[in-house]
$ cat structure-v4.cif   # mmCIF, N, CA and C atoms and all ligand atoms
data_query
#
loop_
_atom_site.label_atom_id
_atom_site.label_comp_id
_atom_site.auth_asym_id
_atom_site.auth_seq_id
_atom_site.Cartn_x
_atom_site.Cartn_y
_atom_site.Cartn_z
N MET A 3 19.01 -7.78 6.83
CA MET A 3 17.57 -7.82 7.01
C MET A 3 17.12 -6.68 7.93
N ALA A 4 17.89 -6.41 8.95
CA ALA A 4 17.52 -5.31 9.86
C ALA A 4 17.42 -4.00 9.08
N GLU A 5 18.23 -3.92 8.03
CA GLU A 5 18.24 -2.70 7.22
C GLU A 5 16.89 -2.45 6.57
N TRP A 6 16.35 -3.47 5.90
CA TRP A 6 15.07 -3.24 5.23
C TRP A 6 13.92 -3.17 6.22
N ARG A 7 14.05 -3.86 7.36
CA ARG A 7 13.01 -3.72 8.38
C ARG A 7 12.92 -2.27 8.83
N ALA A 8 14.08 -1.65 8.99
CA ALA A 8 14.09 -0.24 9.39
C ALA A 8 13.48 0.62 8.29
N ALA A 9 13.72 0.23 7.02
CA ALA A 9 13.23 1.03 5.90
C ALA A 9 11.71 0.96 5.77
N VAL A 10 11.13 -0.19 6.01
CA VAL A 10 9.67 -0.33 5.81
C VAL A 10 8.89 -0.25 7.10
N GLY A 11 9.54 -0.24 8.22
CA GLY A 11 8.83 -0.17 9.49
C GLY A 11 8.54 -1.55 10.03
N ALA A 12 8.10 -1.59 11.26
CA ALA A 12 7.81 -2.86 11.90
C ALA A 12 6.60 -3.51 11.25
N PRO A 13 6.61 -4.82 11.07
CA PRO A 13 5.48 -5.46 10.37
C PRO A 13 4.16 -5.30 11.09
N GLU A 14 4.18 -5.16 12.41
CA GLU A 14 2.91 -5.02 13.12
C GLU A 14 2.22 -3.69 12.85
N GLU A 15 2.91 -2.79 12.14
CA GLU A 15 2.29 -1.53 11.76
C GLU A 15 1.26 -1.71 10.65
N CYS A 16 1.33 -2.84 9.94
CA CYS A 16 0.45 -3.08 8.81
C CYS A 16 -1.00 -3.15 9.28
N PRO A 17 -1.88 -2.27 8.74
CA PRO A 17 -3.27 -2.25 9.20
C PRO A 17 -4.07 -3.46 8.74
N TYR A 18 -3.54 -4.22 7.81
CA TYR A 18 -4.27 -5.38 7.30
C TYR A 18 -3.78 -6.68 7.91
N GLY A 19 -2.89 -6.58 8.87
CA GLY A 19 -2.49 -7.75 9.61
C GLY A 19 -1.53 -8.68 8.90
N ILE A 20 -1.02 -8.25 7.77
CA ILE A 20 -0.06 -9.10 7.08
C ILE A 20 1.31 -8.80 7.67
N THR A 21 1.91 -9.82 8.20
CA THR A 21 3.18 -9.65 8.91
C THR A 21 4.24 -10.51 8.27
N LEU A 22 5.37 -10.52 8.89
CA LEU A 22 6.46 -11.35 8.39
C LEU A 22 6.11 -12.83 8.48
N HIS A 23 5.07 -13.16 9.21
CA HIS A 23 4.66 -14.56 9.29
C HIS A 23 3.97 -15.00 8.00
N THR A 24 3.33 -14.05 7.31
CA THR A 24 2.64 -14.39 6.07
C THR A 24 3.43 -14.01 4.82
N ILE A 25 4.32 -13.04 4.95
CA ILE A 25 5.21 -12.69 3.85
C ILE A 25 6.63 -12.88 4.36
N PRO A 26 7.37 -13.78 3.75
CA PRO A 26 8.72 -14.05 4.28
C PRO A 26 9.54 -12.77 4.34
N PRO A 27 10.34 -12.63 5.38
CA PRO A 27 11.09 -11.40 5.56
C PRO A 27 12.05 -11.10 4.42
N PHE A 28 12.45 -12.12 3.68
CA PHE A 28 13.39 -11.88 2.60
C PHE A 28 12.69 -11.40 1.33
N ASP A 29 11.34 -11.48 1.31
CA ASP A 29 10.62 -11.02 0.12
C ASP A 29 10.23 -9.55 0.29
N ARG A 30 11.24 -8.72 0.27
CA ARG A 30 11.03 -7.29 0.51
C ARG A 30 10.13 -6.67 -0.55
N ASP A 31 10.30 -7.07 -1.82
CA ASP A 31 9.50 -6.47 -2.90
C ASP A 31 8.02 -6.74 -2.70
N ALA A 32 7.68 -7.97 -2.29
CA ALA A 32 6.27 -8.29 -2.07
C ALA A 32 5.71 -7.46 -0.94
N TYR A 33 6.51 -7.30 0.11
CA TYR A 33 6.05 -6.52 1.25
C TYR A 33 5.85 -5.06 0.87
N MET A 34 6.78 -4.52 0.08
CA MET A 34 6.66 -3.12 -0.34
C MET A 34 5.45 -2.93 -1.25
N ARG A 35 5.20 -3.91 -2.13
CA ARG A 35 4.02 -3.83 -3.01
C ARG A 35 2.75 -3.82 -2.16
N HIS A 36 2.74 -4.68 -1.16
CA HIS A 36 1.58 -4.77 -0.28
C HIS A 36 1.35 -3.44 0.43
N ARG A 37 2.40 -2.88 0.96
CA ARG A 37 2.27 -1.61 1.69
C ARG A 37 1.76 -0.51 0.77
N LYS A 38 2.31 -0.44 -0.45
CA LYS A 38 1.92 0.60 -1.38
C LYS A 38 0.45 0.47 -1.73
N GLN A 39 -0.01 -0.76 -1.87
CA GLN A 39 -1.40 -1.00 -2.28
C GLN A 39 -2.39 -0.76 -1.15
N HIS A 40 -2.01 -1.13 0.08
CA HIS A 40 -2.99 -1.13 1.16
C HIS A 40 -2.79 -0.09 2.24
N GLN A 41 -1.64 0.52 2.28
CA GLN A 41 -1.43 1.47 3.36
C GLN A 41 -2.39 2.65 3.20
N PRO A 42 -3.11 3.01 4.25
CA PRO A 42 -4.01 4.16 4.15
C PRO A 42 -3.24 5.42 3.82
N SER A 43 -3.93 6.34 3.18
CA SER A 43 -3.30 7.59 2.78
C SER A 43 -2.69 8.29 3.99
N GLN A 44 -1.47 8.79 3.81
CA GLN A 44 -0.81 9.54 4.87
C GLN A 44 -1.22 11.00 4.84
N GLN A 45 -1.91 11.37 3.74
CA GLN A 45 -2.32 12.75 3.65
C GLN A 45 -3.55 12.98 4.51
N SER A 46 -3.60 14.15 5.13
CA SER A 46 -4.75 14.43 5.98
C SER A 46 -5.95 14.77 5.11
N GLN A 47 -7.13 14.49 5.64
CA GLN A 47 -8.36 14.79 4.94
C GLN A 47 -8.51 16.31 4.86
N PRO A 48 -9.06 16.81 3.75
CA PRO A 48 -9.28 18.25 3.67
C PRO A 48 -10.34 18.69 4.68
N THR A 49 -10.20 19.90 5.17
CA THR A 49 -11.21 20.45 6.09
C THR A 49 -12.46 20.79 5.29
N LEU A 50 -13.54 21.08 6.00
CA LEU A 50 -14.79 21.45 5.33
C LEU A 50 -14.58 22.68 4.45
N LEU A 51 -13.79 23.62 4.97
CA LEU A 51 -13.52 24.84 4.20
C LEU A 51 -12.72 24.52 2.94
N GLN A 52 -11.72 23.62 3.08
CA GLN A 52 -10.92 23.23 1.92
C GLN A 52 -11.77 22.50 0.89
N LYS A 53 -12.67 21.64 1.40
CA LYS A 53 -13.56 20.92 0.48
C LYS A 53 -14.41 21.89 -0.32
N ALA A 54 -14.98 22.87 0.39
CA ALA A 54 -15.82 23.87 -0.28
C ALA A 54 -15.01 24.65 -1.31
N ALA A 55 -13.78 25.01 -0.93
CA ALA A 55 -12.92 25.77 -1.85
C ALA A 55 -12.55 24.92 -3.06
N ASN A 56 -12.22 23.64 -2.82
CA ASN A 56 -11.87 22.75 -3.93
C ASN A 56 -13.05 22.59 -4.88
N PHE A 57 -14.23 22.40 -4.30
CA PHE A 57 -15.40 22.19 -5.14
C PHE A 57 -15.74 23.46 -5.92
N ALA A 58 -15.61 24.61 -5.26
CA ALA A 58 -15.89 25.88 -5.93
C ALA A 58 -14.90 26.10 -7.08
N ALA A 59 -13.63 25.77 -6.86
CA ALA A 59 -12.62 25.92 -7.91
C ALA A 59 -12.93 24.99 -9.08
N ALA A 60 -13.32 23.77 -8.76
CA ALA A 60 -13.65 22.81 -9.83
C ALA A 60 -14.88 23.28 -10.60
N ALA A 61 -15.86 23.80 -9.87
CA ALA A 61 -17.09 24.27 -10.53
C ALA A 61 -16.77 25.47 -11.43
N ALA A 62 -15.93 26.38 -10.94
CA ALA A 62 -15.57 27.54 -11.74
C ALA A 62 -14.84 27.11 -13.02
N GLN A 63 -13.93 26.14 -12.87
CA GLN A 63 -13.20 25.63 -14.03
C GLN A 63 -14.16 24.99 -15.02
N HIS A 64 -15.12 24.26 -14.47
CA HIS A 64 -16.10 23.56 -15.30
C HIS A 64 -16.95 24.56 -16.09
N VAL A 65 -17.40 25.60 -15.43
CA VAL A 65 -18.23 26.62 -16.10
C VAL A 65 -17.39 27.34 -17.16
N ALA A 66 -16.13 27.67 -16.80
CA ALA A 66 -15.27 28.37 -17.75
C ALA A 66 -14.99 27.53 -18.98
N ALA A 67 -15.01 26.22 -18.82
CA ALA A 67 -14.76 25.31 -19.95
C ALA A 67 -16.01 25.09 -20.79
N GLY A 68 -17.13 25.72 -20.40
CA GLY A 68 -18.36 25.56 -21.17
C GLY A 68 -19.25 24.47 -20.61
N ALA A 69 -18.97 24.02 -19.40
CA ALA A 69 -19.78 23.01 -18.70
C ALA A 69 -19.98 21.72 -19.51
N PRO A 70 -18.90 21.15 -20.06
CA PRO A 70 -19.06 19.90 -20.83
C PRO A 70 -19.36 18.72 -19.90
N MET A 71 -20.28 17.89 -20.31
CA MET A 71 -20.68 16.74 -19.49
C MET A 71 -20.10 15.45 -20.07
N ALA A 72 -19.66 14.57 -19.19
CA ALA A 72 -19.13 13.26 -19.60
C ALA A 72 -20.30 12.32 -19.93
N SER A 73 -20.01 11.34 -20.74
CA SER A 73 -21.04 10.35 -21.09
C SER A 73 -21.34 9.48 -19.87
N GLU A 74 -22.46 8.80 -19.92
CA GLU A 74 -22.83 7.88 -18.83
C GLU A 74 -21.75 6.81 -18.64
N ALA A 75 -21.20 6.34 -19.76
CA ALA A 75 -20.16 5.30 -19.68
C ALA A 75 -18.90 5.84 -18.99
N GLU A 76 -18.56 7.10 -19.28
CA GLU A 76 -17.37 7.69 -18.65
C GLU A 76 -17.62 7.92 -17.16
N VAL A 77 -18.82 8.38 -16.82
CA VAL A 77 -19.16 8.57 -15.40
C VAL A 77 -19.05 7.23 -14.66
N GLN A 78 -19.55 6.19 -15.28
CA GLN A 78 -19.48 4.86 -14.66
C GLN A 78 -18.02 4.42 -14.51
N ARG A 79 -17.22 4.67 -15.55
CA ARG A 79 -15.80 4.29 -15.51
C ARG A 79 -15.08 5.03 -14.36
N ARG A 80 -15.32 6.32 -14.27
CA ARG A 80 -14.69 7.11 -13.20
C ARG A 80 -15.18 6.63 -11.82
N HIS A 81 -16.47 6.36 -11.74
CA HIS A 81 -17.04 5.90 -10.47
C HIS A 81 -16.38 4.59 -10.03
N ASP A 82 -16.20 3.69 -10.98
CA ASP A 82 -15.57 2.40 -10.66
C ASP A 82 -14.13 2.61 -10.17
N ILE A 83 -13.42 3.55 -10.81
CA ILE A 83 -12.05 3.84 -10.39
C ILE A 83 -12.04 4.42 -8.98
N CYS A 84 -12.91 5.39 -8.74
CA CYS A 84 -12.96 6.06 -7.43
C CYS A 84 -13.33 5.08 -6.31
N THR A 85 -14.32 4.25 -6.54
CA THR A 85 -14.76 3.37 -5.46
C THR A 85 -13.73 2.28 -5.15
N ALA A 86 -12.79 2.07 -6.07
CA ALA A 86 -11.71 1.11 -5.82
C ALA A 86 -10.44 1.81 -5.33
N CYS A 87 -10.49 3.11 -5.23
CA CYS A 87 -9.30 3.91 -4.90
C CYS A 87 -9.08 3.93 -3.38
N PRO A 88 -7.83 3.86 -2.93
CA PRO A 88 -7.57 3.92 -1.48
C PRO A 88 -7.90 5.28 -0.86
N HIS A 89 -8.07 6.31 -1.68
CA HIS A 89 -8.41 7.63 -1.14
C HIS A 89 -9.93 7.81 -0.97
N PHE A 90 -10.70 6.90 -1.50
CA PHE A 90 -12.17 7.01 -1.40
C PHE A 90 -12.59 6.67 0.03
N ASP A 91 -13.38 7.56 0.64
CA ASP A 91 -13.76 7.34 2.05
C ASP A 91 -15.16 6.76 2.21
N GLY A 92 -15.75 6.35 1.12
CA GLY A 92 -17.10 5.78 1.18
C GLY A 92 -18.15 6.73 0.64
N LYS A 93 -17.82 8.03 0.63
CA LYS A 93 -18.76 9.04 0.12
C LYS A 93 -18.06 10.03 -0.82
N ALA A 94 -16.82 10.34 -0.49
CA ALA A 94 -16.12 11.40 -1.22
C ALA A 94 -14.66 11.03 -1.42
N CYS A 95 -14.02 11.83 -2.26
CA CYS A 95 -12.58 11.67 -2.48
C CYS A 95 -11.85 12.23 -1.26
N GLY A 96 -10.93 11.45 -0.72
CA GLY A 96 -10.19 11.88 0.45
C GLY A 96 -9.13 12.93 0.15
N LEU A 97 -8.82 13.14 -1.13
CA LEU A 97 -7.81 14.14 -1.47
C LEU A 97 -8.42 15.52 -1.65
N CYS A 98 -9.50 15.61 -2.44
CA CYS A 98 -10.10 16.94 -2.67
C CYS A 98 -11.38 17.13 -1.87
N GLY A 99 -11.99 16.04 -1.43
CA GLY A 99 -13.23 16.14 -0.66
C GLY A 99 -14.48 16.20 -1.50
N CYS A 100 -14.33 16.17 -2.82
CA CYS A 100 -15.50 16.25 -3.69
C CYS A 100 -16.30 14.94 -3.62
N PRO A 101 -17.62 15.04 -3.68
CA PRO A 101 -18.45 13.83 -3.58
C PRO A 101 -18.23 12.90 -4.77
N VAL A 102 -18.25 11.61 -4.48
CA VAL A 102 -18.15 10.60 -5.54
C VAL A 102 -19.55 10.02 -5.69
N ALA A 103 -20.29 10.55 -6.64
CA ALA A 103 -21.68 10.12 -6.81
C ALA A 103 -22.07 10.16 -8.27
N ARG A 104 -22.72 9.11 -8.70
CA ARG A 104 -23.23 9.08 -10.08
C ARG A 104 -24.58 9.78 -10.15
N GLU A 105 -25.33 9.70 -9.05
CA GLU A 105 -26.72 10.15 -9.07
C GLU A 105 -26.85 11.66 -9.24
N ARG A 106 -26.04 12.41 -8.46
CA ARG A 106 -26.18 13.87 -8.50
C ARG A 106 -25.37 14.39 -9.68
N LYS A 107 -25.85 14.16 -10.85
CA LYS A 107 -25.08 14.42 -12.06
C LYS A 107 -24.53 15.84 -12.16
N TRP A 108 -25.35 16.83 -11.86
CA TRP A 108 -24.92 18.21 -12.04
C TRP A 108 -24.05 18.70 -10.89
N LEU A 109 -23.97 17.93 -9.81
CA LEU A 109 -23.14 18.35 -8.68
C LEU A 109 -21.96 17.41 -8.46
N SER A 110 -21.67 16.59 -9.42
CA SER A 110 -20.59 15.62 -9.26
C SER A 110 -19.50 15.84 -10.30
N LYS A 111 -18.27 15.93 -9.80
CA LYS A 111 -17.13 16.08 -10.72
C LYS A 111 -17.03 14.91 -11.68
N LEU A 112 -17.54 13.77 -11.26
CA LEU A 112 -17.46 12.59 -12.14
C LEU A 112 -18.21 12.84 -13.44
N SER A 113 -19.20 13.71 -13.39
CA SER A 113 -20.01 13.99 -14.57
C SER A 113 -19.45 15.13 -15.42
N TRP A 114 -18.45 15.80 -14.91
CA TRP A 114 -17.91 16.96 -15.62
C TRP A 114 -16.73 16.51 -16.47
N ALA A 115 -16.90 16.59 -17.78
CA ALA A 115 -15.93 16.04 -18.71
C ALA A 115 -14.54 16.65 -18.57
N ASP A 116 -14.46 17.93 -18.21
CA ASP A 116 -13.18 18.64 -18.18
C ASP A 116 -12.37 18.38 -16.92
N GLN A 117 -12.92 17.65 -15.96
CA GLN A 117 -12.25 17.48 -14.66
C GLN A 117 -11.24 16.33 -14.68
N ASN A 118 -10.41 16.32 -13.65
CA ASN A 118 -9.48 15.20 -13.49
C ASN A 118 -9.35 14.84 -12.01
N CYS A 119 -8.92 13.63 -11.80
CA CYS A 119 -8.64 13.13 -10.46
C CYS A 119 -7.48 13.94 -9.87
N PRO A 120 -7.53 14.31 -8.58
CA PRO A 120 -6.46 15.12 -7.99
C PRO A 120 -5.21 14.33 -7.58
N ASP A 121 -5.25 13.02 -7.74
CA ASP A 121 -4.09 12.22 -7.32
C ASP A 121 -2.91 12.48 -8.26
N ASP A 122 -1.73 12.11 -7.85
CA ASP A 122 -0.52 12.31 -8.64
C ASP A 122 0.19 10.96 -8.82
N PRO A 123 0.10 10.35 -9.98
CA PRO A 123 -0.57 10.84 -11.19
C PRO A 123 -2.08 10.66 -11.08
N PRO A 124 -2.84 11.42 -11.88
CA PRO A 124 -4.30 11.29 -11.83
C PRO A 124 -4.74 9.88 -12.24
N ARG A 125 -5.79 9.38 -11.56
CA ARG A 125 -6.30 8.05 -11.91
C ARG A 125 -7.31 8.12 -13.03
N TRP A 126 -7.85 9.30 -13.29
CA TRP A 126 -8.68 9.54 -14.47
C TRP A 126 -8.54 11.00 -14.84
N GLY A 127 -8.82 11.30 -16.12
CA GLY A 127 -8.60 12.66 -16.59
C GLY A 127 -9.73 13.17 -17.44
N PRO A 128 -9.51 14.35 -18.02
CA PRO A 128 -10.55 14.97 -18.83
C PRO A 128 -10.84 14.15 -20.09
N VAL A 129 -12.08 14.27 -20.54
CA VAL A 129 -12.50 13.63 -21.79
C VAL A 129 -13.25 14.66 -22.62
N GLU A 130 -13.49 14.33 -23.85
CA GLU A 130 -14.30 15.21 -24.70
C GLU A 130 -15.71 15.25 -24.16
N GLY A 131 -16.28 16.44 -24.06
CA GLY A 131 -17.64 16.56 -23.54
C GLY A 131 -18.68 16.62 -24.64
S1 LIG A 201 -10.88 11.42 -7.55
FE1 LIG A 201 -8.98 10.22 -7.76
S2 LIG A 201 -8.01 10.25 -5.73
FE2 LIG A 201 -10.16 10.87 -5.48
S3 LIG A 201 -11.24 8.97 -4.99
FE3 LIG A 201 -11.40 9.26 -7.20
S4 LIG A 201 -9.68 8.11 -8.07
FE4 LIG A 201 -9.25 8.40 -5.87
#
$ encode --input "structure-v4.cif" --output "structure tokens"
Amino acid sequence: MAEWRAAVGAPEECPYGITLHTIPPFDRDAYMRHRKQHQPSQQSQPTLLQKAANFAAAAAQHVAAGAPMASEAEVQRRHDICTACPHFDGKACGLCGCPVARERKWLSKLSWADQNCPDDPPRWGPVEG
């Protein structure tokens, strides 16, 4: 047991307060699933400069692709995925820094059919525009 405790870290590290008192110590798989689902991203947030560069690169790619727009249903689907994503910070994607907004259609990657989520693997991808 000490072996897996060392592998997953001390239970009090869990930001959601789930400890060995609520998940039996022998249920390692449940604990690992919990950590994977709820542990905040270990990746640092992009700087303002990185965000601007990411957005500019996405915009350039979008224009080069002929500026195809996603359907309202696809924008809604992507929005639902993003707002449930652990990388979403309440306003923008924590990985690329691009805004997650349905309203600003022409300034939102969610509306650009050729774009994809920057996560690995991507949580959503390009569609026909
Ligand atoms: S673009 Fe991808 S990683 Fe970023 S918030 Fe949306 S689903 Fe999450």
$ residues_around --input "structure-v4.cif" --residues "stretch 109-125 of chain A" --least-positions-apart "5" --cutoff "6 Å" --atoms "only N, CA and C atoms" --output "number ranges by chain"
A: 70-72, 77, 101, 103, 130-131
$ closest_atom_pairs --input "structure-v4.cif" --of "chain A" --to "ligand LIG 201 (chain A)" --cutoff "7 Å" --atoms "only C-alpha atoms and all ligand atoms" --output "Markdown table"
| residue | atom | partner | partner_atom | distance |
| --- | --- | --- | --- | --- |
| A:Ile83 | CA | A:LIG201 | S4 | 5.4 |
| A:Cys84 | CA | A:LIG201 | FE3 | 3.6 |
| A:Thr85 | CA | A:LIG201 | S3 | 6.6 |
| A:Cys87 | CA | A:LIG201 | FE4 | 4.6 |
| A:Pro88 | CA | A:LIG201 | FE4 | 6.5 |
| A:His89 | CA | A:LIG201 | FE4 | 4.9 |
| A:Phe90 | CA | A:LIG201 | S3 | 4.2 |
| A:Ala94 | CA | A:LIG201 | S3 | 6.6 |
| A:Cys95 | CA | A:LIG201 | S3 | 3.9 |
| A:Gly96 | CA | A:LIG201 | FE2 | 6.0 |
| A:Leu97 | CA | A:LIG201 | FE2 | 5.7 |
| A:Cys98 | CA | A:LIG201 | FE2 | 6.7 |
| A:Cys119 | CA | A:LIG201 | FE1 | 4.0 |
| A:Pro120 | CA | A:LIG201 | FE1 | 5.5 |
| A:Asp121 | CA | A:LIG201 | S2 | 4.7 |
| A:Pro124 | CA | A:LIG201 | FE1 | 6.3 |
| A:Arg125 | CA | A:LIG201 | S4 | 5.1 |
| A:Trp126 | CA | A:LIG201 | S4 | 6.6 |
$ select_by_dssp --input "structure-v4.cif" --residues "stretch 44-123 of chain A" --states "strand (DSSP E or B)" --output "VMD selection string"
chain A and resid 71 90 94 to 95 101 114
$ atom_distance --input "structure-v4.cif" --atom1 "atom C of A:Ala59" --atom2 "atom CA of A:Trp108"
14.1 Å
$ atom_distance --input "structure-v4.cif" --atom1 "atom N of A:Ser73" --atom2 "atom C of A:Pro128"
9.6 Å
$ atom_distance --input "structure-v4.cif" --atom1 "atom CA of A:Arg104" --atom2 "atom CA of A:Glu74"
8.8 Å
$ closest_residue --input "structure-v4.cif" --among "A:His81, A:Val129, A:Ala67, A:Phe57" --to "A:Val102" --atoms "only N, CA and C atoms"
A:His81
$ axis_aligned_box --input "structure-v4.cif" --around "stretch 101-105 of chain A" --padding-each-side "8 Å" --output "lines of an AutoDock Vina configuration file"
center_x = -22.2
center_y = 12.1
center_z = -6.9
size_x = 25.2
size_y = 22.0
size_z = 22.6
$ select_by_dssp --input "structure-v4.cif" --residues "stretch 30-125 of chain A" --states "alpha helix (DSSP H)" --output "NGL selection string"
:A and (30-40 or 50-66 or 74-85)
$ decode --input "structure-v4.cif" --residues "stretch 40-128 of chain A" --atoms "C-alpha atoms" --output "PDB file, in the first residue's frame"
ATOM      1  CA  HIS A  40     -10.493  16.393 -11.074  1.00  0.00           C
ATOM      2  CA  GLN A  41      -6.867  17.289 -10.692  1.00  0.00           C
ATOM      3  CA  PRO A  42      -6.309  20.825 -11.979  1.00  0.00           C
ATOM      4  CA  SER A  43      -4.135  21.160 -15.028  1.00  0.00           C
ATOM      5  CA  GLN A  44      -0.427  20.987 -14.234  1.00  0.00           C
ATOM      6  CA  GLN A  45       0.309  23.027 -17.307  1.00  0.00           C
ATOM      7  CA  SER A  46       0.921  26.694 -16.743  1.00  0.00           C
ATOM      8  CA  GLN A  47      -1.478  29.218 -18.217  1.00  0.00           C
ATOM      9  CA  PRO A  48      -0.234  30.881 -21.395  1.00  0.00           C
ATOM     10  CA  THR A  49       1.073  34.420 -21.020  1.00  0.00           C
ATOM     11  CA  LEU A  50      -0.752  37.323 -22.644  1.00  0.00           C
ATOM     12  CA  LEU A  51       1.842  37.302 -25.412  1.00  0.00           C
ATOM     13  CA  GLN A  52       1.392  33.552 -25.957  1.00  0.00           C
ATOM     14  CA  LYS A  53      -2.378  33.970 -26.030  1.00  0.00           C
ATOM     15  CA  ALA A  54      -2.092  36.686 -28.664  1.00  0.00           C
ATOM     16  CA  ALA A  55       0.316  34.553 -30.699  1.00  0.00           C
ATOM     17  CA  ASN A  56      -1.943  31.485 -30.419  1.00  0.00           C
ATOM     18  CA  PHE A  57      -4.982  33.467 -31.463  1.00  0.00           C
ATOM     19  CA  ALA A  58      -3.119  35.100 -34.356  1.00  0.00           C
ATOM     20  CA  ALA A  59      -1.918  31.686 -35.564  1.00  0.00           C
ATOM     21  CA  ALA A  60      -5.444  30.282 -35.349  1.00  0.00           C
ATOM     22  CA  ALA A  61      -6.846  33.295 -37.190  1.00  0.00           C
ATOM     23  CA  ALA A  62      -4.220  32.993 -39.921  1.00  0.00           C
ATOM     24  CA  GLN A  63      -5.007  29.288 -40.314  1.00  0.00           C
ATOM     25  CA  HIS A  64      -8.706  30.091 -40.432  1.00  0.00           C
ATOM     26  CA  VAL A  65      -8.277  32.731 -43.141  1.00  0.00           C
ATOM     27  CA  ALA A  66      -5.973  30.445 -45.143  1.00  0.00           C
ATOM     28  CA  ALA A  67      -8.639  27.734 -45.005  1.00  0.00           C
ATOM     29  CA  GLY A  68     -11.177  30.120 -46.542  1.00  0.00           C
ATOM     30  CA  ALA A  69     -12.737  31.217 -43.230  1.00  0.00           C
ATOM     31  CA  PRO A  70     -15.275  28.352 -42.984  1.00  0.00           C
ATOM     32  CA  MET A  71     -17.839  28.839 -40.228  1.00  0.00           C
ATOM     33  CA  ALA A  72     -19.287  26.066 -38.052  1.00  0.00           C
ATOM     34  CA  SER A  73     -23.025  25.629 -37.721  1.00  0.00           C
ATOM     35  CA  GLU A  74     -24.852  26.957 -34.664  1.00  0.00           C
ATOM     36  CA  ALA A  75     -25.308  23.363 -33.489  1.00  0.00           C
ATOM     37  CA  GLU A  76     -21.569  22.684 -33.766  1.00  0.00           C
ATOM     38  CA  VAL A  77     -20.712  25.911 -31.924  1.00  0.00           C
ATOM     39  CA  GLN A  78     -23.104  24.871 -29.157  1.00  0.00           C
ATOM     40  CA  ARG A  79     -21.591  21.367 -29.051  1.00  0.00           C
ATOM     41  CA  ARG A  80     -18.057  22.760 -28.774  1.00  0.00           C
ATOM     42  CA  HIS A  81     -19.171  25.286 -26.162  1.00  0.00           C
ATOM     43  CA  ASP A  82     -20.707  22.521 -24.056  1.00  0.00           C
ATOM     44  CA  ILE A  83     -17.476  20.510 -24.276  1.00  0.00           C
ATOM     45  CA  CYS A  84     -15.308  23.510 -23.359  1.00  0.00           C
ATOM     46  CA  THR A  85     -17.402  24.627 -20.409  1.00  0.00           C
ATOM     47  CA  ALA A  86     -17.209  21.094 -18.980  1.00  0.00           C
ATOM     48  CA  CYS A  87     -13.467  20.835 -19.635  1.00  0.00           C
ATOM     49  CA  PRO A  88     -10.983  21.002 -16.726  1.00  0.00           C
ATOM     50  CA  HIS A  89      -8.856  23.437 -18.769  1.00  0.00           C
ATOM     51  CA  PHE A  90     -11.678  25.985 -19.053  1.00  0.00           C
ATOM     52  CA  ASP A  91     -10.993  28.907 -16.698  1.00  0.00           C
ATOM     53  CA  GLY A  92     -14.445  30.459 -16.860  1.00  0.00           C
ATOM     54  CA  LYS A  93     -13.707  32.700 -19.841  1.00  0.00           C
ATOM     55  CA  ALA A  94     -11.061  31.077 -21.997  1.00  0.00           C
ATOM     56  CA  CYS A  95      -9.238  27.861 -22.743  1.00  0.00           C
ATOM     57  CA  GLY A  96      -6.412  27.382 -20.257  1.00  0.00           C
ATOM     58  CA  LEU A  97      -4.236  25.649 -22.850  1.00  0.00           C
ATOM     59  CA  CYS A  98      -4.257  28.129 -25.741  1.00  0.00           C
ATOM     60  CA  GLY A  99      -5.861  31.125 -24.041  1.00  0.00           C
ATOM     61  CA  CYS A 100      -8.442  31.602 -26.780  1.00  0.00           C
ATOM     62  CA  PRO A 101     -11.827  32.904 -25.602  1.00  0.00           C
ATOM     63  CA  VAL A 102     -14.635  30.396 -25.191  1.00  0.00           C
ATOM     64  CA  ALA A 103     -17.641  32.381 -26.330  1.00  0.00           C
ATOM     65  CA  ARG A 104     -20.643  31.685 -28.485  1.00  0.00           C
ATOM     66  CA  GLU A 105     -21.644  35.335 -28.739  1.00  0.00           C
ATOM     67  CA  ARG A 106     -18.567  36.780 -30.442  1.00  0.00           C
ATOM     68  CA  LYS A 107     -19.010  34.581 -33.465  1.00  0.00           C
ATOM     69  CA  TRP A 108     -16.346  36.114 -35.696  1.00  0.00           C
ATOM     70  CA  LEU A 109     -13.771  36.274 -32.898  1.00  0.00           C
ATOM     71  CA  SER A 110     -14.286  32.838 -31.429  1.00  0.00           C
ATOM     72  CA  LYS A 111     -12.471  29.680 -32.453  1.00  0.00           C
ATOM     73  CA  LEU A 112     -15.610  27.783 -31.530  1.00  0.00           C
ATOM     74  CA  SER A 113     -17.238  29.306 -34.603  1.00  0.00           C
ATOM     75  CA  TRP A 114     -14.388  28.490 -36.958  1.00  0.00           C
ATOM     76  CA  ALA A 115     -15.086  25.160 -38.623  1.00  0.00           C
ATOM     77  CA  ASP A 116     -11.436  24.384 -39.428  1.00  0.00           C
ATOM     78  CA  GLN A 117     -10.188  24.716 -35.833  1.00  0.00           C
ATOM     79  CA  ASN A 118      -9.539  22.075 -33.214  1.00  0.00           C
ATOM     80  CA  CYS A 119      -9.162  21.867 -29.474  1.00  0.00           C
ATOM     81  CA  PRO A 120      -5.465  22.126 -28.442  1.00  0.00           C
ATOM     82  CA  ASP A 121      -5.688  19.303 -25.903  1.00  0.00           C
ATOM     83  CA  ASP A 122      -3.999  15.960 -26.576  1.00  0.00           C
ATOM     84  CA  PRO A 123      -6.076  14.221 -27.732  1.00  0.00           C
ATOM     85  CA  PRO A 124      -8.321  17.050 -28.953  1.00  0.00           C
ATOM     86  CA  ARG A 125     -11.755  17.175 -27.313  1.00  0.00           C
ATOM     87  CA  TRP A 126     -13.272  18.551 -30.520  1.00  0.00           C
ATOM     88  CA  GLY A 127     -11.996  18.900 -34.053  1.00  0.00           C
ATOM     89  CA  PRO A 128     -12.569  20.436 -37.448  1.00  0.00           C
TER      90      PRO A 128
END
